[in-house]
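Content type TSV, N, CA and C atoms, from the file structure16.tsv:
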```
chain	number	residue	atom	x	y	z
V	340	MET	N	176.17	144.81	124.86
V	340	MET	CA	175.27	143.93	124.12
V	340	MET	C	175.09	144.52	122.71
V	341	ASP	N	174.94	143.64	121.72
V	341	ASP	CA	174.74	144.10	120.35
V	341	ASP	C	173.34	143.70	119.87
V	342	ILE	N	172.99	144.13	118.67
V	342	ILE	CA	171.65	143.89	118.14
V	342	ILE	C	171.33	142.39	118.08
V	343	PHE	N	172.32	141.58	117.69
V	343	PHE	CA	172.04	140.15	117.56
V	343	PHE	C	171.78	139.50	118.92
V	344	SER	N	172.55	139.90	119.93
V	344	SER	CA	172.33	139.36	121.28
V	344	SER	C	170.96	139.77	121.81
V	345	GLU	N	170.61	141.03	121.60
V	345	GLU	CA	169.30	141.50	122.07
V	345	GLU	C	168.16	140.79	121.35
V	346	LEU	N	168.28	140.64	120.04
V	346	LEU	CA	167.23	139.96	119.29
V	346	LEU	C	167.12	138.50	119.68
V	347	ARG	N	168.24	137.88	119.97
V	347	ARG	CA	168.23	136.48	120.42
V	347	ARG	C	167.37	136.36	121.69
V	348	ASP	N	167.46	137.38	122.56
V	348	ASP	CA	166.67	137.36	123.79
V	348	ASP	C	165.17	137.43	123.52
V	349	PHE	N	164.78	137.93	122.36
V	349	PHE	CA	163.36	138.00	121.97
V	349	PHE	C	162.92	136.74	121.20
V	350	GLY	N	163.81	135.79	121.05
V	350	GLY	CA	163.45	134.55	120.37
V	350	GLY	C	163.81	134.51	118.90
V	351	VAL	N	164.60	135.48	118.43
V	351	VAL	CA	165.05	135.48	117.04
V	351	VAL	C	166.14	134.44	116.90
V	352	ASN	N	166.04	133.61	115.88
V	352	ASN	CA	167.01	132.53	115.66
V	352	ASN	C	168.18	133.07	114.81
V	353	ILE	N	169.10	133.72	115.48
V	353	ILE	CA	170.23	134.36	114.81
V	353	ILE	C	171.08	133.35	114.06
V	354	GLU	N	171.29	132.18	114.63
V	354	GLU	CA	172.12	131.17	113.98
V	354	GLU	C	171.51	130.73	112.65
V	355	GLU	N	170.22	130.49	112.65
V	355	GLU	CA	169.53	130.12	111.42
V	355	GLU	C	169.63	131.24	110.39
V	356	ALA	N	169.45	132.46	110.84
V	356	ALA	CA	169.54	133.62	109.94
V	356	ALA	C	170.95	133.74	109.36
V	357	MET	N	171.96	133.53	110.19
V	357	MET	CA	173.34	133.63	109.71
V	357	MET	C	173.60	132.57	108.63
V	358	ASP	N	173.06	131.39	108.81
V	358	ASP	CA	173.19	130.36	107.76
V	358	ASP	C	172.52	130.83	106.48
V	359	ARG	N	171.32	131.39	106.59
V	359	ARG	CA	170.57	131.84	105.43
V	359	ARG	C	171.29	132.99	104.72
V	360	PHE	N	171.93	133.86	105.50
V	360	PHE	CA	172.63	135.02	104.94
V	360	PHE	C	174.12	134.75	104.75
V	361	MET	N	174.49	133.48	104.69
V	361	MET	CA	175.86	133.05	104.44
V	361	MET	C	176.85	133.75	105.38
V	362	HIS	N	176.43	133.91	106.63
V	362	HIS	CA	177.26	134.50	107.70
V	362	HIS	C	177.71	135.92	107.38
V	363	ASN	N	176.92	136.62	106.59
V	363	ASN	CA	177.20	138.01	106.26
V	363	ASN	C	176.42	138.89	107.25
V	364	ASP	N	177.07	139.22	108.37
V	364	ASP	CA	176.43	139.99	109.43
V	364	ASP	C	175.87	141.32	108.93
V	365	GLU	N	176.64	142.00	108.10
V	365	GLU	CA	176.22	143.32	107.62
V	365	GLU	C	174.97	143.24	106.74
V	366	LEU	N	174.92	142.24	105.86
V	366	LEU	CA	173.74	142.07	105.01
V	366	LEU	C	172.52	141.77	105.86
V	367	TYR	N	172.68	140.89	106.83
V	367	TYR	CA	171.56	140.55	107.71
V	367	TYR	C	171.08	141.79	108.47
V	368	LYS	N	172.02	142.57	108.99
V	368	LYS	CA	171.65	143.78	109.72
V	368	LYS	C	170.94	144.76	108.79
V	369	GLN	N	171.41	144.91	107.56
V	369	GLN	CA	170.74	145.78	106.59
V	369	GLN	C	169.29	145.36	106.40
V	370	MET	N	169.07	144.07	106.27
V	370	MET	CA	167.71	143.56	106.06
V	370	MET	C	166.87	143.75	107.32
V	371	LEU	N	167.46	143.55	108.49
V	371	LEU	CA	166.74	143.79	109.74
V	371	LEU	C	166.28	145.24	109.84
V	372	LEU	N	167.13	146.15	109.42
V	372	LEU	CA	166.80	147.57	109.52
V	372	LEU	C	165.63	147.96	108.62
V	373	LYS	N	165.31	147.12	107.65
V	373	LYS	CA	164.17	147.37	106.77
V	373	LYS	C	162.86	146.85	107.36
V	374	LEU	N	162.96	146.00	108.37
V	374	LEU	CA	161.75	145.37	108.93
V	374	LEU	C	160.73	146.38	109.46
V	375	PRO	N	161.13	147.40	110.22
V	375	PRO	CA	160.11	148.32	110.72
V	375	PRO	C	159.28	148.96	109.61
V	376	SER	N	159.90	149.36	108.53
V	376	SER	CA	159.12	149.97	107.44
V	376	SER	C	158.27	148.93	106.73
V	377	ASN	N	158.74	147.68	106.64
V	377	ASN	CA	157.92	146.61	106.06
V	377	ASN	C	156.65	146.40	106.88
V	378	ILE	N	156.80	146.36	108.18
V	378	ILE	CA	155.65	146.15	109.05
V	378	ILE	C	154.71	147.35	108.98
V	379	GLU	N	155.27	148.54	108.97
V	379	GLU	CA	154.45	149.74	108.91
V	379	GLU	C	153.68	149.84	107.60
V	380	SER	N	154.30	149.43	106.51
V	380	SER	CA	153.65	149.56	105.20
V	380	SER	C	152.66	148.44	104.90
V	381	GLN	N	152.65	147.41	105.75
V	381	GLN	CA	151.74	146.28	105.53
V	381	GLN	C	150.98	145.95	106.82
V	382	PRO	N	150.18	146.89	107.28
V	382	PRO	CA	149.48	146.67	108.55
V	382	PRO	C	148.47	145.52	108.44
V	383	VAL	N	148.30	144.85	109.52
V	383	VAL	CA	147.33	143.75	109.56
V	383	VAL	C	146.13	144.14	110.42
V	384	MET	N	146.42	144.60	111.63
V	384	MET	CA	145.32	144.88	112.57
V	384	MET	C	144.36	145.94	112.05
V	385	SER	N	144.87	146.98	111.43
V	385	SER	CA	143.96	148.03	110.96
V	385	SER	C	143.00	147.50	109.90
V	386	PHE	N	143.47	146.59	109.06
V	386	PHE	CA	142.57	146.00	108.06
V	386	PHE	C	141.58	145.03	108.69
V	387	ILE	N	142.00	144.33	109.72
V	387	ILE	CA	141.07	143.46	110.44
V	387	ILE	C	139.95	144.31	111.03
V	388	GLU	N	140.34	145.41	111.67
V	388	GLU	CA	139.35	146.27	112.32
V	388	GLU	C	138.40	146.93	111.33
V	389	LYS	N	138.86	147.13	110.09
V	389	LYS	CA	138.00	147.68	109.04
V	389	LYS	C	137.14	146.61	108.38
V	390	GLY	N	137.38	145.34	108.75
V	390	GLY	CA	136.63	144.25	108.15
V	390	GLY	C	137.17	143.82	106.79
V	391	ASN	N	138.33	144.33	106.41
V	391	ASN	CA	138.95	143.97	105.13
V	391	ASN	C	139.89	142.79	105.38
V	392	PHE	N	139.29	141.61	105.51
V	392	PHE	CA	140.06	140.43	105.88
V	392	PHE	C	140.97	139.94	104.76
V	393	GLU	N	140.59	140.19	103.52
V	393	GLU	CA	141.46	139.77	102.40
V	393	GLU	C	142.77	140.54	102.43
V	394	GLN	N	142.69	141.86	102.66
V	394	GLN	CA	143.92	142.65	102.72
V	394	GLN	C	144.72	142.31	103.98
V	395	ALA	N	144.02	142.07	105.08
V	395	ALA	CA	144.71	141.67	106.32
V	395	ALA	C	145.45	140.36	106.09
V	396	LYS	N	144.79	139.42	105.41
V	396	LYS	CA	145.43	138.13	105.11
V	396	LYS	C	146.63	138.32	104.19
V	397	ALA	N	146.49	139.15	103.17
V	397	ALA	CA	147.59	139.39	102.23
V	397	ALA	C	148.78	140.02	102.95
V	398	ASN	N	148.52	141.00	103.82
V	398	ASN	CA	149.61	141.63	104.56
V	398	ASN	C	150.26	140.66	105.54
V	399	ALA	N	149.44	139.86	106.21
V	399	ALA	CA	149.98	138.87	107.14
V	399	ALA	C	150.85	137.86	106.39
V	400	HIS	N	150.40	137.48	105.20
V	400	HIS	CA	151.18	136.53	104.40
V	400	HIS	C	152.52	137.14	103.99
V	401	ALA	N	152.51	138.40	103.59
V	401	ALA	CA	153.77	139.07	103.21
V	401	ALA	C	154.71	139.16	104.41
V	402	LEU	N	154.17	139.51	105.56
V	402	LEU	CA	155.01	139.63	106.76
V	402	LEU	C	155.48	138.28	107.26
V	403	LYS	N	154.70	137.27	107.03
V	403	LYS	CA	155.12	135.90	107.34
V	403	LYS	C	156.40	135.60	106.56
V	404	GLY	N	156.42	135.94	105.28
V	404	GLY	CA	157.60	135.70	104.46
V	404	GLY	C	158.81	136.49	104.91
V	405	VAL	N	158.60	137.77	105.19
V	405	VAL	CA	159.70	138.64	105.63
V	405	VAL	C	160.28	138.15	106.95
V	406	THR	N	159.41	137.90	107.92
V	406	THR	CA	159.89	137.48	109.24
V	406	THR	C	160.49	136.08	109.19
V	407	GLY	N	159.97	135.24	108.31
V	407	GLY	CA	160.55	133.91	108.15
V	407	GLY	C	161.96	133.99	107.57
V	408	ASN	N	162.13	134.81	106.55
V	408	ASN	CA	163.46	134.97	105.94
V	408	ASN	C	164.48	135.53	106.92
V	409	LEU	N	164.01	136.37	107.84
V	409	LEU	CA	164.90	136.96	108.84
V	409	LEU	C	165.02	136.11	110.10
V	410	SER	N	164.32	134.98	110.14
V	410	SER	CA	164.31	134.07	111.29
V	410	SER	C	163.83	134.75	112.57
V	411	ILE	N	162.86	135.63	112.42
V	411	ILE	CA	162.26	136.28	113.58
V	411	ILE	C	161.10	135.39	114.01
V	412	THR	N	161.46	134.33	114.67
V	412	THR	CA	160.58	133.20	114.96
V	412	THR	C	159.26	133.58	115.62
V	413	PRO	N	159.24	134.40	116.67
V	413	PRO	CA	157.93	134.68	117.30
V	413	PRO	C	156.96	135.37	116.35
V	414	LEU	N	157.46	136.28	115.54
V	414	LEU	CA	156.58	136.97	114.59
V	414	LEU	C	156.19	136.04	113.45
V	415	TYR	N	157.15	135.27	112.97
V	415	TYR	CA	156.86	134.32	111.90
V	415	TYR	C	155.76	133.34	112.31
V	416	LYS	N	155.87	132.80	113.51
V	416	LYS	CA	154.86	131.84	113.98
V	416	LYS	C	153.48	132.49	114.08
V	417	ALA	N	153.44	133.71	114.60
V	417	ALA	CA	152.16	134.40	114.75
V	417	ALA	C	151.54	134.73	113.40
V	418	TYR	N	152.35	135.25	112.48
V	418	TYR	CA	151.81	135.57	111.15
V	418	TYR	C	151.39	134.30	110.41
V	419	SER	N	152.13	133.23	110.58
V	419	SER	CA	151.76	131.95	109.95
V	419	SER	C	150.42	131.47	110.46
V	420	LYS	N	150.26	131.52	111.78
V	420	LYS	CA	149.00	131.07	112.39
V	420	LYS	C	147.85	131.96	111.94
V	421	ALA	N	148.08	133.28	111.89
V	421	ALA	CA	147.03	134.20	111.46
V	421	ALA	C	146.62	133.92	110.02
V	422	VAL	N	147.57	133.69	109.15
V	422	VAL	CA	147.26	133.38	107.74
V	422	VAL	C	146.40	132.12	107.67
V	423	ASP	N	146.79	131.10	108.42
V	423	ASP	CA	146.00	129.85	108.43
V	423	ASP	C	144.58	130.10	108.92
V	424	LEU	N	144.45	130.94	109.94
V	424	LEU	CA	143.12	131.24	110.47
V	424	LEU	C	142.28	132.05	109.48
V	425	PHE	N	142.90	132.98	108.78
V	425	PHE	CA	142.18	133.71	107.73
V	425	PHE	C	141.70	132.74	106.65
V	426	LYS	N	142.57	131.82	106.26
V	426	LYS	CA	142.20	130.84	105.23
V	426	LYS	C	141.06	129.95	105.69
V	427	ALA	N	140.99	129.71	107.01
V	427	ALA	CA	139.93	128.88	107.58
V	427	ALA	C	138.67	129.71	107.90
V	428	ASN	N	138.67	130.97	107.44
V	428	ASN	CA	137.54	131.87	107.66
V	428	ASN	C	137.27	132.09	109.16
V	429	LYS	N	138.36	132.31	109.90
V	429	LYS	CA	138.27	132.60	111.33
V	429	LYS	C	138.99	133.92	111.63
V	430	PRO	N	138.47	135.02	111.10
V	430	PRO	CA	139.16	136.30	111.28
V	430	PRO	C	139.26	136.77	112.73
V	431	ASN	N	138.28	136.44	113.55
V	431	ASN	CA	138.35	136.84	114.96
V	431	ASN	C	139.47	136.12	115.69
V	432	ASP	N	139.69	134.86	115.34
V	432	ASP	CA	140.81	134.12	115.92
V	432	ASP	C	142.14	134.69	115.43
V	433	ALA	N	142.18	135.05	114.15
V	433	ALA	CA	143.39	135.67	113.60
V	433	ALA	C	143.68	136.99	114.31
V	434	LYS	N	142.63	137.75	114.55
V	434	LYS	CA	142.78	139.03	115.25
V	434	LYS	C	143.38	138.82	116.63
V	435	GLN	N	142.93	137.80	117.32
V	435	GLN	CA	143.45	137.50	118.66
V	435	GLN	C	144.93	137.14	118.60
V	436	VAL	N	145.32	136.35	117.62
V	436	VAL	CA	146.73	135.97	117.46
V	436	VAL	C	147.58	137.21	117.22
V	437	ILE	N	147.12	138.08	116.34
V	437	ILE	CA	147.87	139.31	116.04
V	437	ILE	C	147.93	140.19	117.28
V	438	ARG	N	146.81	140.35	117.95
V	438	ARG	CA	146.76	141.19	119.16
V	438	ARG	C	147.77	140.70	120.20
V	439	GLU	N	147.85	139.40	120.40
V	439	GLU	CA	148.77	138.84	121.39
V	439	GLU	C	150.23	138.99	120.97
V	440	MET	N	150.48	139.03	119.66
V	440	MET	CA	151.84	139.12	119.15
V	440	MET	C	152.35	140.56	119.13
V	441	LEU	N	151.47	141.55	119.06
V	441	LEU	CA	151.90	142.94	118.89
V	441	LEU	C	152.90	143.45	119.93
V	442	PRO	N	152.76	143.12	121.22
V	442	PRO	CA	153.76	143.61	122.17
V	442	PRO	C	155.18	143.11	121.87
V	443	ILE	N	155.32	141.86	121.50
V	443	ILE	CA	156.65	141.35	121.17
V	443	ILE	C	157.14	141.97	119.87
V	444	GLN	N	156.24	142.19	118.92
V	444	GLN	CA	156.64	142.86	117.68
V	444	GLN	C	157.13	144.27	118.00
V	445	ASP	N	156.43	144.97	118.87
V	445	ASP	CA	156.84	146.32	119.26
V	445	ASP	C	158.22	146.30	119.90
V	446	ASP	N	158.47	145.31	120.75
V	446	ASP	CA	159.78	145.19	121.40
V	446	ASP	C	160.89	144.92	120.39
V	447	ILE	N	160.61	144.05	119.43
V	447	ILE	CA	161.61	143.73	118.40
V	447	ILE	C	161.89	144.95	117.53
V	448	ILE	N	160.85	145.67	117.15
V	448	ILE	CA	161.02	146.87	116.34
V	448	ILE	C	161.80	147.93	117.11
V	449	ALA	N	161.50	148.11	118.39
V	449	ALA	CA	162.23	149.07	119.21
V	449	ALA	C	163.71	148.68	119.30
V	450	CYS	N	163.97	147.41	119.44
V	450	CYS	CA	165.36	146.93	119.49
V	450	CYS	C	166.08	147.25	118.18
V	451	ILE	N	165.44	146.94	117.08
V	451	ILE	CA	166.05	147.21	115.76
V	451	ILE	C	166.28	148.71	115.57
V	452	ASN	N	165.29	149.51	115.92
V	452	ASN	CA	165.41	150.96	115.74
V	452	ASN	C	166.52	151.56	116.61
V	453	LYS	N	166.79	150.92	117.72
V	453	LYS	CA	167.86	151.39	118.61
V	453	LYS	C	169.22	151.33	117.93
V	454	TYR	N	169.35	150.46	116.94
V	454	TYR	CA	170.63	150.26	116.26
V	454	TYR	C	170.70	150.95	114.91
V	455	ARG	N	169.80	151.85	114.63
V	455	ARG	CA	169.82	152.60	113.35
V	455	ARG	C	170.99	153.55	113.33
```

If you convert what's in this file into structure tokens, what do you get?
Amino acid sequence: MDIFSELRDFGVNIEEAMDRFMHNDELYKQMLLKLPSNIESQPVMSFIEKGNFEQAKANAHALKGVTGNLSITPLYKAYSKAVDLFKANKPNDAKQVIREMLPIQDDIIACINKYR
């Protein structure tokens, strides 16, 4: 099994990503390998827990863009929903969305890191 097959099992839309990356597997893989550091450098939950909802929203918005560009659908959907909830002044609901998404994010990151 390769990284793309494993990620597909987590709900990543590899076909959509390949279209976006003009079927350049290596470029897509390079960008995937940057995802763990992007997520680490833009935490959402820690800012929610500190009550800094503006920074949590900003980080969620940035990760929404990154995960959307990479077609990492489960993370993209969760970050999109969290951003909408922050905008609607519902930080506790956003926190719940992020909390529920974290296990799948951890699995996706572990998968990506396995191929470093």

>> Would you pick out the contacts of Gln381 of chain V at 6.5 Å or less, using all atoms listed in the file, so that residues sharing its chain but fewer than 3 positions from it are not included, and give the list as an MDAnalysis selection string?
In response: chainID V and resid 376:378 398:399

Output N, CA and C atoms of each residue in that selection to a file, as a compact mmCIF listing (two decimals), in the frame of the given file.
```txt
# COMPACT_ATOMS: atom_id res chain seq x y z
N SER V 376 159.90 149.36 108.53
CA SER V 376 159.12 149.97 107.44
C SER V 376 158.27 148.93 106.73
N ASN V 377 158.74 147.68 106.64
CA ASN V 377 157.92 146.61 106.06
C ASN V 377 156.65 146.40 106.88
N ILE V 378 156.80 146.36 108.18
CA ILE V 378 155.65 146.15 109.05
C ILE V 378 154.71 147.35 108.98
N ASN V 398 148.52 141.00 103.82
CA ASN V 398 149.61 141.63 104.56
C ASN V 398 150.26 140.66 105.54
N ALA V 399 149.44 139.86 106.21
CA ALA V 399 149.98 138.87 107.14
C ALA V 399 150.85 137.86 106.39
```

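Nearest to Glu439 of chain V of all the residues V:Phe343, V:Tyr367, V:Glu379, V:Lys416 is V:Lys416, counting only C-alpha atoms.
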
> In chain V, what's helix (DSSP H, G or I) per DSSP? Answer as a VMD selection string?
Replying inline: chain V and resid 342 to 348 353 to 359 364 to 380 384 to 388 392 to 408 412 to 426 430 to 453

>> Nearest residue to Asp348 of chain V out of V:Ser380, V:Thr412, V:Thr406, V:Asn452, using only C-alpha atoms?
In response: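 Answer, going by the shortest atom-to-atom distance: V:Thr412.
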
> In Å, how far is it from atom CA of Asp446 of chain V to atom CA of Leu372 of chain V?
Replying inline: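 Result for atom CA of Asp446 of chain V versus atom CA of Leu372 of chain V: 14.0 Å, one decimal.
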